[in-house]
Structure formats: C-alpha cells, structure tokens
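To keep things clear, I will list the structure first and then write my remarks on it.
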Amino acid sequence: MVTRLYEHFFYFDDETSAHSAEDDLVEAGFDVETLPPDAGVEAWSLLATHQASLDAAQLDELTTEMESLACLHGGTYDGWGTARG
C-alpha cells in the first residue's frame, strides 16, 4: 500500500474551539495549521495533515473520528483530500 499525505479540513466559529481541536489533533499525531478568519472566510480554519497508508475501511473510520472531533469542539469537518500519484 502506498503512503500518502492526507489533509483534513475543519472550520470553527471561534478561536478557543479551534485551538482546542488543534490540541487534540496534535496529540493524535497530526501536523496542524490554524488560520484565523480573513476576508474570504468567516470561520477559523484548521488543516490537519499526516502521512499514512490507509485502505477504504480505515478512511471511513478516520472520517467518522474527524467528524466526532469537530462536533466535540463545536466545529465542522469538511472532509479529507490527498494528491493522486
């Protein structure tokens, strides 16, 4: 199985929620970039990345975990992406 860089996208209404989610993601082994709202986006944005070899079942499980984490912190999980190659 090929190792890929997976990107996970989150949105939060406030800084406290965004940083709480960031702490949980870092603790789980993700690299996280947290961005404040700007002219085009009204929410706090998180980009969490990690290298992994995942099959479809593992991606489904991880998606459920990410949705739960976002909900726990009052945010939205907007899915994941990776470069094909």
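If you're wondering about the labels, chains in the structure tokens are A, B, ... by order shown, residues count from 1 in each chain, ligands from 1 in order shown.
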Using only C-alpha atoms, determine which residues lie at most 6 Å from A:Thr76, disregarding the query and same-chain residues fewer than 5 positions distant; provide the list as a short mmCIF file (atom, residue, chain, number, x, y, z; two decimals) with all heavy atoms, in the first residue's frame.
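Saved result, around.cif, follows:
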```cif
data_model
loop_
_atom_site.label_atom_id
_atom_site.label_comp_id
_atom_site.auth_asym_id
_atom_site.auth_seq_id
_atom_site.Cartn_x
_atom_site.Cartn_y
_atom_site.Cartn_z
N PHE A 10 -11.12 21.52 8.62
CA PHE A 10 -12.07 21.83 9.70
C PHE A 10 -12.36 23.32 9.73
O PHE A 10 -11.49 24.13 9.38
CB PHE A 10 -11.47 21.48 11.07
CG PHE A 10 -11.13 20.04 11.26
CD1 PHE A 10 -9.91 19.53 10.83
CD2 PHE A 10 -12.00 19.18 11.91
CE1 PHE A 10 -9.58 18.21 11.02
CE2 PHE A 10 -11.68 17.85 12.12
CZ PHE A 10 -10.47 17.36 11.67
N TYR A 11 -13.56 23.68 10.24
CA TYR A 11 -13.94 25.08 10.43
C TYR A 11 -14.59 25.24 11.80
O TYR A 11 -15.39 24.41 12.22
CB TYR A 11 -14.90 25.55 9.33
CG TYR A 11 -14.26 25.47 7.98
CD1 TYR A 11 -14.50 24.38 7.15
CD2 TYR A 11 -13.38 26.44 7.55
CE1 TYR A 11 -13.88 24.27 5.92
CE2 TYR A 11 -12.76 26.34 6.32
CZ TYR A 11 -13.01 25.25 5.50
OH TYR A 11 -12.38 25.15 4.29
N ALA A 70 -14.70 17.24 15.43
CA ALA A 70 -15.22 18.56 15.07
C ALA A 70 -16.47 18.88 15.88
O ALA A 70 -16.60 19.98 16.43
CB ALA A 70 -15.52 18.62 13.57
#
```
Using only C-alpha atoms, which residues sit within 10 Å of A:Ala48 once same-chain residues fewer than 2 positions away are excluded, as a PyMOL selection string? chain A and resi 6-10+22+25-26+29-34+45-46+50+80
Give the strand (DSSP E or B) residues of chain A, as assigned by DSSP on the backbone, as a ChimeraX atom specification. /A:4-12,31-35,44-52,76-82
The residue from A:Thr82, A:Gly40, A:Asp14, A:Leu72 with the smallest atom-to-atom distance to A:Ala52, counting only C-alpha atoms, is A:Thr82
Do you know which residues are at most 10 Å from A:Pro36 counting only C-alpha atoms, after dropping those on the same chain fewer than 5 positions away, and could you put them as a list in words? Phe12, Asp13, Asp14, Glu15, Ala18, Val41, Glu42, Ala43, Trp44, Ser45 and Leu46 of chain A
Could you turn the residues from that selection into a file that holds N, CA and C atoms, as a PDB file, in the first residue's frame?
```
ATOM      1  N   PHE A  12     -14.231  26.348  12.491  1.00  0.00           N
ATOM      2  CA  PHE A  12     -14.746  26.639  13.825  1.00  0.00           C
ATOM      3  C   PHE A  12     -15.146  28.106  13.904  1.00  0.00           C
ATOM      4  N   ASP A  13     -16.171  28.390  14.720  1.00  0.00           N
ATOM      5  CA  ASP A  13     -16.676  29.765  14.845  1.00  0.00           C
ATOM      6  C   ASP A  13     -15.795  30.657  15.705  1.00  0.00           C
ATOM      7  N   ASP A  14     -14.996  30.048  16.598  1.00  0.00           N
ATOM      8  CA  ASP A  14     -14.201  30.890  17.491  1.00  0.00           C
ATOM      9  C   ASP A  14     -12.809  30.291  17.725  1.00  0.00           C
ATOM     10  N   GLU A  15     -11.931  31.154  18.176  1.00  0.00           N
ATOM     11  CA  GLU A  15     -10.525  30.795  18.371  1.00  0.00           C
ATOM     12  C   GLU A  15     -10.347  29.706  19.427  1.00  0.00           C
ATOM     13  N   ALA A  18     -11.211  26.321  17.988  1.00  0.00           N
ATOM     14  CA  ALA A  18     -10.205  25.921  17.008  1.00  0.00           C
ATOM     15  C   ALA A  18      -8.945  25.410  17.695  1.00  0.00           C
ATOM     16  N   VAL A  41     -13.110  34.073   4.311  1.00  0.00           N
ATOM     17  CA  VAL A  41     -13.612  33.004   5.172  1.00  0.00           C
ATOM     18  C   VAL A  41     -13.945  33.597   6.539  1.00  0.00           C
ATOM     19  N   GLU A  42     -15.153  33.352   7.019  1.00  0.00           N
ATOM     20  CA  GLU A  42     -15.591  33.940   8.283  1.00  0.00           C
ATOM     21  C   GLU A  42     -15.274  33.071   9.492  1.00  0.00           C
ATOM     22  N   ALA A  43     -14.794  31.841   9.282  1.00  0.00           N
ATOM     23  CA  ALA A  43     -14.534  30.913  10.380  1.00  0.00           C
ATOM     24  C   ALA A  43     -13.034  30.705  10.569  1.00  0.00           C
ATOM     25  N   TRP A  44     -12.688  30.182  11.738  1.00  0.00           N
ATOM     26  CA  TRP A  44     -11.326  29.723  11.980  1.00  0.00           C
ATOM     27  C   TRP A  44     -11.151  28.426  11.214  1.00  0.00           C
ATOM     28  N   SER A  45     -10.044  28.297  10.482  1.00  0.00           N
ATOM     29  CA  SER A  45      -9.794  27.122   9.653  1.00  0.00           C
ATOM     30  C   SER A  45      -8.639  26.315  10.221  1.00  0.00           C
ATOM     31  N   LEU A  46      -8.792  24.993  10.190  1.00  0.00           N
ATOM     32  CA  LEU A  46      -7.710  24.092  10.582  1.00  0.00           C
ATOM     33  C   LEU A  46      -7.412  23.164   9.418  1.00  0.00           C
TER      34      LEU A  46
END
```
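Here atom CA of A:Glu27 is placed at a distance of 24.6 Å from atom CA of A:Ala83.
If only C-alpha atoms are the atoms counted, then among A:Leu59, A:Leu35, A:Met1, A:Ala21 the closest residue to A:Gly81 is A:Leu59.
When atom CA of A:Thr63 is paired with atom CA of A:Thr49, their separation reads 13.2 Å.
Checking A:Gly79, A:Leu47, A:Thr16, A:Asp38 one by one against A:Asp60, counting only C-alpha atoms, you find the shortest gap at A:Gly79.
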